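Quick notes on the structure that follows.
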Amino acid sequence: MAVPKRKMSRSNTRSRRANWKAAAVTTVNCGQCKSAKLPHAACGVCGTYNNRQVLEV
């Protein structure tokens, strides 16, 4: 197991941790009702996916 030889400074630790950011959720517009939905998922408002009715809403 690798063990660090020296203690890592606060600035190095914080600059490394600063790169762990949460990415914004990407959304696309539904082709039927134009509401925002997740890509590759059925629309929660109208229940369509790929221009087909797949959910009863």
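Identifiers for the structure tokens are assigned positionally: chains receive A, B, ... in sequence, residues are indexed from 1 per chain, and ligands are indexed from 1 in the order shown.
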Enumerate, as a ChimeraX atom specification, the complete set of residues in chain A that a backbone-based DSSP assignment places in alpha helix (DSSP H).
/A:10-17
Within 10 Å of A:Arg52, counting only C-alpha atoms, which residues qualify if same-chain residues fewer than 3 places away don't, as an MDAnalysis selection string?
chainID A and resid 32 42 47:49 55
Residue nearest A:Cys43 - candidates A:Ala2, A:Asn12, A:Asn29, A:Trp20, atoms counted: only C-alpha atoms
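Ranked by minimum distance to A:Cys43, first place goes to A:Asn29.
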DSSP on the backbone, strand (DSSP E) only: what residues of chain A does that give? Format it as number ranges by chain.
A: 28-29, 36-37, 48-49, 52-53
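Going from atom CA of A:Val57 over to atom CA of A:Val45, you cover 7.2 Å.
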So what do you get for atom CA of A:Val54 versus atom CA of A:Val25, distance-wise?
23.3 Å
